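Participant: Provided herewith: upload21.tsv, TSV, C-alpha atoms.
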chain	number	residue	atom	x	y	z
A	1156	ILE	CA	0.00	0.00	0.00
A	1157	LYS	CA	2.94	2.37	0.63
A	1158	TYR	CA	3.78	2.29	-3.07
A	1159	TYR	CA	0.36	3.72	-3.95
A	1160	ASP	CA	-0.21	5.88	-0.86
A	1161	VAL	CA	1.79	8.90	-2.03
A	1162	ASP	CA	0.71	11.30	0.72
A	1163	GLY	CA	1.03	8.68	3.48
A	1164	ASP	CA	-2.47	9.18	4.88
A	1165	GLY	CA	-3.18	5.45	5.11
A	1166	SER	CA	-5.55	5.36	2.14
A	1167	ILE	CA	-5.25	5.35	-1.63
A	1168	SER	CA	-7.04	8.04	-3.62
A	1169	TYR	CA	-8.01	7.57	-7.26
A	1170	ASP	CA	-5.13	9.81	-8.39
A	1171	GLU	CA	-2.69	7.80	-6.29
A	1172	PHE	CA	-4.11	4.56	-7.68
A	1173	LEU	CA	-3.58	5.75	-11.27
A	1174	SER	CA	-0.13	7.05	-10.41
A	1175	GLY	CA	0.88	3.61	-9.19
A	1176	LEU	CA	-0.20	2.02	-12.46
A	1177	LYS	CA	1.64	4.27	-14.88
A	1178	ASP	CA	4.85	3.36	-16.70
A	1179	GLU	CA	7.90	5.58	-17.10
A	1180	LEU	CA	7.80	7.91	-20.09
A	1181	THR	CA	9.69	6.80	-23.17
A	1182	GLU	CA	12.73	8.80	-24.27
A	1183	ARG	CA	10.78	10.63	-26.99
A	1184	ARG	CA	8.07	11.62	-24.56
A	1185	VAL	CA	10.54	12.79	-21.93
A	1186	ASN	CA	12.27	14.88	-24.58
A	1187	MET	CA	9.02	16.66	-25.46
A	1188	VAL	CA	8.11	17.24	-21.81
A	1189	LYS	CA	11.56	18.75	-21.23
A	1190	LYS	CA	11.17	21.05	-24.24
A	1191	ALA	CA	7.82	22.31	-22.98
A	1192	PHE	CA	9.15	22.81	-19.44
A	1193	GLN	CA	12.22	24.68	-20.66
A	1194	MET	CA	10.05	26.87	-22.86
A	1195	LEU	CA	7.90	27.82	-19.88
A	1196	ASP	CA	10.78	28.16	-17.41
A	1197	LYS	CA	12.01	31.48	-18.79
A	1198	ASP	CA	14.61	32.15	-16.09
A	1199	SER	CA	15.91	28.54	-16.05
A	1200	SER	CA	15.30	28.31	-12.31
A	1201	GLY	CA	14.06	24.73	-12.48
A	1202	LYS	CA	10.49	25.75	-11.68
A	1203	ILE	CA	7.69	27.57	-13.47
A	1204	THR	CA	6.27	30.61	-11.71
A	1205	THR	CA	3.66	33.19	-12.61
A	1206	SER	CA	6.39	35.58	-13.75
A	1207	ASP	CA	7.61	32.95	-16.23
A	1208	ILE	CA	4.25	32.63	-17.95
A	1209	GLN	CA	2.90	36.18	-17.80
A	1210	HIS	CA	4.03	36.76	-21.40
A	1211	ILE	CA	2.67	33.40	-22.54
A	1212	TYR	CA	-0.74	33.30	-20.89
A	1213	ASP	CA	-2.69	36.50	-21.49
A	1214	VAL	CA	-5.39	36.98	-18.84
A	1215	SER	CA	-6.60	40.38	-20.06
A	1216	MET	CA	-9.77	38.93	-21.59
A	1217	ASN	CA	-10.52	36.50	-18.76
A	1218	PRO	CA	-14.07	37.27	-17.48
A	1219	GLU	CA	-13.07	36.97	-13.82
A	1220	PHE	CA	-10.19	39.39	-14.39
A	1221	LEU	CA	-12.38	41.84	-16.29
A	1222	GLU	CA	-14.99	41.75	-13.53
A	1223	GLY	CA	-12.34	42.31	-10.87
A	1224	ARG	CA	-13.08	39.05	-9.07
A	1225	LYS	CA	-9.55	37.73	-9.57
A	1226	THR	CA	-6.17	39.33	-10.06
A	1227	LYS	CA	-3.79	38.49	-12.87
A	1228	ASN	CA	-1.62	36.58	-10.41
A	1229	ASP	CA	-4.64	34.61	-9.12
A	1230	ILE	CA	-5.49	33.41	-12.62
A	1231	LEU	CA	-1.89	32.58	-13.50
A	1232	SER	CA	-1.50	30.63	-10.25
A	1233	GLU	CA	-4.67	28.66	-10.94
A	1234	PHE	CA	-3.38	27.84	-14.41
A	1235	LEU	CA	-0.13	26.51	-12.96
A	1236	ASN	CA	-2.01	24.52	-10.32
A	1237	ASN	CA	-3.55	22.49	-13.14
A	1238	PHE	CA	-0.20	20.73	-13.41
A	1239	ASP	CA	-0.19	19.62	-9.78
A	1240	GLY	CA	-0.81	15.90	-9.40
A	1241	PRO	CA	-0.94	13.76	-6.24
A	1242	ARG	CA	2.53	15.01	-5.31
A	1243	GLY	CA	1.70	18.65	-6.01
A	1244	ASN	CA	0.89	21.26	-3.38
A	1245	ASN	CA	-1.12	23.85	-5.37
A	1246	ASP	CA	1.28	26.64	-4.48
A	1247	GLY	CA	1.19	28.35	-7.87
A	1248	VAL	CA	4.66	27.06	-8.70
A	1249	VAL	CA	5.35	24.04	-10.91
A	1250	THR	CA	8.51	22.05	-10.35
A	1251	TRP	CA	10.02	19.70	-12.91
A	1252	GLU	CA	8.79	16.74	-10.86
A	1253	GLU	CA	5.21	18.04	-10.85
A	1254	PHE	CA	5.29	18.78	-14.58
A	1255	TYR	CA	6.75	15.35	-15.32
A	1256	ASP	CA	4.13	13.64	-13.13
A	1257	TYR	CA	1.34	15.51	-14.91
A	1258	TYR	CA	2.46	14.26	-18.31
A	1259	SER	CA	3.18	10.79	-16.96
A	1260	ASP	CA	-0.48	10.59	-15.97
A	1261	LEU	CA	-1.60	11.98	-19.32
A	1262	SER	CA	0.70	9.57	-21.12
A	1263	MET	CA	-1.30	6.60	-19.84
A	1264	SER	CA	-4.16	7.46	-22.20
A	1265	THR	CA	-1.94	8.41	-25.14
A	1266	PRO	CA	-1.67	5.45	-27.53
A	1267	SER	CA	1.71	6.05	-29.16
A	1268	ASP	CA	4.86	8.13	-28.99
A	1269	GLU	CA	3.95	9.72	-32.31
A	1270	TYR	CA	0.57	10.85	-31.00
A	1271	PHE	CA	2.14	12.17	-27.78
A	1272	VAL	CA	4.79	14.13	-29.70
A	1273	ARG	CA	2.21	15.67	-32.04
A	1274	MET	CA	0.04	16.62	-29.07
A	1275	MET	CA	2.96	18.36	-27.34
A	1276	GLU	CA	4.03	20.11	-30.53
A	1277	SER	CA	0.52	21.45	-31.04
A	1278	THR	CA	-0.11	22.40	-27.41
A	1279	TRP	CA	3.20	24.11	-26.68
A	1280	GLN	CA	4.23	25.03	-30.23
A	1281	VAL	CA	7.62	23.34	-29.90
A	1282	ALA	CA	9.22	21.11	-32.53
A	1283	GLU	CA	10.62	17.72	-31.62
A	1284	ASN	CA	13.85	18.47	-33.46
A	1285	GLU	CA	14.55	22.19	-33.86
A	1286	ASP	CA	17.89	21.44	-35.49
A	1287	ALA	CA	16.36	19.40	-38.30
A	1288	ASP	CA	16.76	20.94	-41.75
A	1289	ILE	CA	13.00	20.91	-42.32
A	1290	THR	CA	12.46	22.90	-39.12
A	1291	LYS	CA	15.11	25.48	-39.99
A	1292	GLN	CA	13.78	25.84	-43.53
A	1293	THR	CA	10.18	26.17	-42.37
A	1294	VAL	CA	11.04	28.76	-39.73
A	1295	LYS	CA	13.09	30.73	-42.25
A	1296	HIS	CA	10.21	30.62	-44.72
A	1297	LEU	CA	7.77	31.67	-41.98
A	1298	HIS	CA	9.98	34.62	-41.08
A	1299	THR	CA	10.09	35.72	-44.72
A	1300	GLU	CA	6.34	35.33	-45.19
A	1301	VAL	CA	5.45	37.28	-42.05
A	1302	LYS	CA	7.85	40.06	-42.98
A	1303	GLN	CA	6.46	40.32	-46.51
A	1304	ARG	CA	2.83	40.39	-45.32
A	1305	ILE	CA	3.58	43.15	-42.81
A	1306	MET	CA	5.44	45.18	-45.44
A	1307	GLN	CA	2.44	44.83	-47.74
A	1308	LEU	CA	0.08	46.02	-45.01
A	1309	ALA	CA	2.28	49.00	-44.20
A	1310	ARG	CA	2.56	49.93	-47.88
A	1311	GLY	CA	5.93	51.49	-47.18
A	1312	GLU	CA	4.47	54.02	-44.72
A	1313	GLN	CA	6.63	54.14	-41.59
A	1314	GLY	CA	3.77	55.27	-39.37
A	1315	LEU	CA	1.72	52.19	-40.15
A	1316	PHE	CA	4.23	49.80	-38.59
A	1317	LYS	CA	3.34	51.07	-35.12
A	1318	LYS	CA	-0.37	50.79	-35.85
A	1319	ILE	CA	0.04	47.22	-37.06
A	1320	PHE	CA	2.05	46.37	-33.96
A	1321	ASN	CA	-0.56	47.94	-31.67
A	1322	ASP	CA	-3.38	46.09	-33.45
A	1323	PHE	CA	-1.78	42.79	-32.49
A	1324	ASP	CA	-0.68	43.90	-29.01
A	1325	LEU	CA	-4.06	42.90	-27.59
A	1326	ASN	CA	-3.19	43.45	-23.93
A	1327	GLY	CA	-1.48	46.79	-24.54
A	1328	SER	CA	1.78	45.66	-22.96
A	1329	GLU	CA	3.97	47.23	-25.66
A	1330	SER	CA	5.28	43.77	-26.52
A	1331	LEU	CA	3.86	40.73	-28.28
A	1332	THR	CA	3.41	37.48	-26.38
A	1333	ILE	CA	3.64	34.13	-28.12
A	1334	ASP	CA	-0.17	33.99	-28.16
A	1335	GLU	CA	-0.29	37.38	-29.85
A	1336	VAL	CA	2.36	36.31	-32.36
A	1337	THR	CA	0.31	33.18	-33.07
A	1338	ASN	CA	-2.71	35.41	-33.64
A	1339	LEU	CA	-0.65	37.70	-35.88
A	1340	ILE	CA	0.45	34.77	-38.05
A	1341	ALA	CA	-3.15	33.58	-38.36
A	1342	LYS	CA	-4.49	37.05	-39.20
A	1343	LEU	CA	-1.77	37.47	-41.82
A	1344	ARG	CA	-3.05	34.20	-43.31
A	1345	VAL	CA	0.33	32.54	-43.18
A	1346	SER	CA	-0.19	28.79	-43.03
A	1347	VAL	CA	2.18	26.94	-40.71
A	1348	GLU	CA	2.05	24.05	-38.25
A	1349	ARG	CA	1.90	25.20	-34.62
A	1350	LYS	CA	5.09	23.32	-33.75
A	1351	TYR	CA	7.11	25.84	-35.76
A	1352	ILE	CA	5.75	28.92	-33.99
A	1353	TYR	CA	7.93	28.76	-30.88
A	1354	PRO	CA	11.18	28.26	-32.88
A	1355	PHE	CA	10.10	31.29	-34.94
A	1356	PHE	CA	9.25	33.22	-31.77
A	1357	LYS	CA	12.70	32.55	-30.32
A	1358	ILE	CA	14.32	34.12	-33.38
A	1359	VAL	CA	12.20	37.26	-33.16
A	1360	ASP	CA	12.50	37.48	-29.36
A	1361	ALA	CA	16.12	38.61	-29.53
A	1362	ASN	CA	16.47	39.42	-25.82
A	1363	ASN	CA	14.72	36.21	-24.70
A	1364	SER	CA	12.23	38.18	-22.62
A	1365	GLY	CA	9.29	36.02	-23.64
A	1366	ALA	CA	7.73	38.92	-25.53
Is it possible to express this structure as structure tokens?
Facilitator:
Amino acid sequence: IKYYDVDGDGSISYDEFLSGLKDELTERRVNMVKKAFQMLDKDSSGKITTSDIQHIYDVSMNPEFLEGRKTKNDILSEFLNNFDGPRGNNDGVVTWEEFYDYYSDLSMSTPSDEYFVRMMESTWQVAENEDADITKQTVKHLHTEVKQRIMQLARGEQGLFKKIFNDFDLNGSESLTIDEVTNLIAKLRVSVERKYIYPFFKIVDANNSGA
């Protein structure tokens, strides 16, 4: 019973029962979980905090935020608490162990490595192999396409660049989050798989600020 009773309370909850049944993640799955964690852990502290994700998760249109019932930090903390499993403590901070456990649980219902990788690529917009030629070529093409579409919109008028930027800066932060960049790409009608967006974002985000 000790193997299943994670919190040591003398009983086994459903989450603890499932946790005891799961297998270790395969190498491909671990690699994708690491990529997602590293993408979220902006300061490389080994844990994900609200400050890490404030440029990734835009709360400005959240109804509870708009109505003043919850602060930005409240909503970000609740988002992070989603990754707490039986070993988590709902403290608004996600450690590597908690993140790994979350995806270990999710992995149980994921039929194949290929499916798991595609799910992670789509969810977190990270590519399994950023060094692959196809990834580099696609990101380069995406960069060219986005640049050309913006130049066409601006019609060579310098003043329009700021207007275009502001139109996509939905939360008025004077910087574009990855969600806003994703929206920009969609509005520009540039077709690209989501897994290439974060590699593209890293190129544009020259100071690695997350925006």
Participant: Select, from A:Glu1283, A:Glu1348, A:Glu1269, A:Asp1360, the residue with the minimum atom-to-atom distance to Ala1191 (chain A), counting all atoms listed in the file.
Facilitator: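 Counting all atoms listed in the file, the residue closest to Ala1191 (chain A) is A:Glu1283.
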Participant: Counting only C-alpha atoms, write as a list in words all protein and nucleic acid residues lying at most 12 Å from (-2.7, 40.0, -36.6) in the file's frame.
Facilitator: Val1301, Arg1304, Ile1305, Leu1308, Lys1318, Ile1319, Phe1320, Asn1321, Asp1322, Phe1323, Asp1324, Leu1325, Leu1331, Asp1334, Glu1335, Val1336, Thr1337, Asn1338, Leu1339, Ile1340, Ala1341, Lys1342, Leu1343, Arg1344 and Val1345 of chain A
Participant: So that I can check the surroundings of Val1214 (chain A), please list as a ChimeraX atom specification every protein, DNA and RNA residue that reaches within 7 Å of it, counting all atoms listed in the file and ignoring chain neighbours fewer than 3 positions away.
Facilitator: /A:1217,1220,1227
Participant: Would you list the contacts of Leu1297 (chain A) as a list in words, taking every protein, DNA or RNA residue within 10 Å and counting all atoms listed in the file, but skipping same-chain residues closer than 5 positions in sequence?
Facilitator: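 So the residues in contact are Lys1291, Gln1292, Lys1302, Gln1303, Ile1340, Val1345, Ser1346, Val1347, Tyr1351, Ile1352 and Phe1355 of chain A.
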Participant: Record the distance separating CA of Phe1316 (chain A) and CA of Gln1280 (chain A), expressed in Å with one decimal.
Facilitator: 26.1 Å
Participant: Considering only C-alpha atoms, return as a list of chain:residue names whatever protein or nucleic-acid residues lie within 12 Å of Thr1265 (chain A), sequence-local ones (same chain, fewer than 6 positions apart) excluded.
Facilitator: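 Listing them by chain and then by number gives A:Lys1177, A:Asp1178, A:Leu1180, A:Thr1181, A:Arg1184, A:Tyr1258, A:Ser1259, A:Phe1271, A:Val1272, A:Arg1273, A:Met1274, A:Met1275.
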Participant: Produce a file of the selected residues containing C-alpha atoms, as a CSV table (one decimal), keeping the file's coordinate frame.
Facilitator:
chain,number,residue,atom,x,y,z
A,1177,LYS,CA,1.6,4.3,-14.9
A,1178,ASP,CA,4.8,3.4,-16.7
A,1180,LEU,CA,7.8,7.9,-20.1
A,1181,THR,CA,9.7,6.8,-23.2
A,1184,ARG,CA,8.1,11.6,-24.6
A,1258,TYR,CA,2.5,14.3,-18.3
A,1259,SER,CA,3.2,10.8,-17.0
A,1271,PHE,CA,2.1,12.2,-27.8
A,1272,VAL,CA,4.8,14.1,-29.7
A,1273,ARG,CA,2.2,15.7,-32.0
A,1274,MET,CA,0.0,16.6,-29.1
A,1275,MET,CA,3.0,18.4,-27.3
Participant: Would you work out the distance separating CA of Lys1357 (chain A) from CA of Ile1211 (chain A), expressed in Å to one decimal?
Facilitator: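 Computed distance, CA of Lys1357 (chain A) to CA of Ile1211 (chain A), equals 12.7 Å.
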Participant: Can you measure CA of Asp1239 (chain A) to CA of Asp1198 (chain A) for me? One decimal in Å is fine.
Facilitator: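 Here the two named atoms are 20.4 Å from each other.
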Participant: Could you check the closest approach to Gly1201 (chain A) for each of A:Trp1251, A:Tyr1257, A:Tyr1270, A:Tyr1353 and tell me which residue wins, using all atoms listed in the file?
Facilitator: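 Smallest separation from Gly1201 (chain A) among the options: A:Trp1251.
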Participant: With only C-alpha atoms as the basis for distance, which of A:Arg1224, A:Lys1295, A:Lys1189, A:Lys1202 is at the shortest distance from Thr1250 (chain A)?
Facilitator: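 Among A:Arg1224, A:Lys1295, A:Lys1189, A:Lys1202, it is A:Lys1202 that comes nearest to Thr1250 (chain A).
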Participant: Could you tell me which of A:Ser1199, A:Gln1209, A:Asn1245, A:Asn1186 comes closest to Thr1332 (chain A) if we count all atoms listed in the file?
Facilitator: A:Gln1209
Participant: Kindly indicate which residue among A:Met1263, A:Val1294, A:Ala1361, A:Leu1221 lies nearest to Glu1179 (chain A), using all atoms listed in the file for the distances.
Facilitator: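 Of A:Met1263, A:Val1294, A:Ala1361, A:Leu1221, the one nearest Glu1179 (chain A), counting all atoms listed in the file, is A:Met1263.
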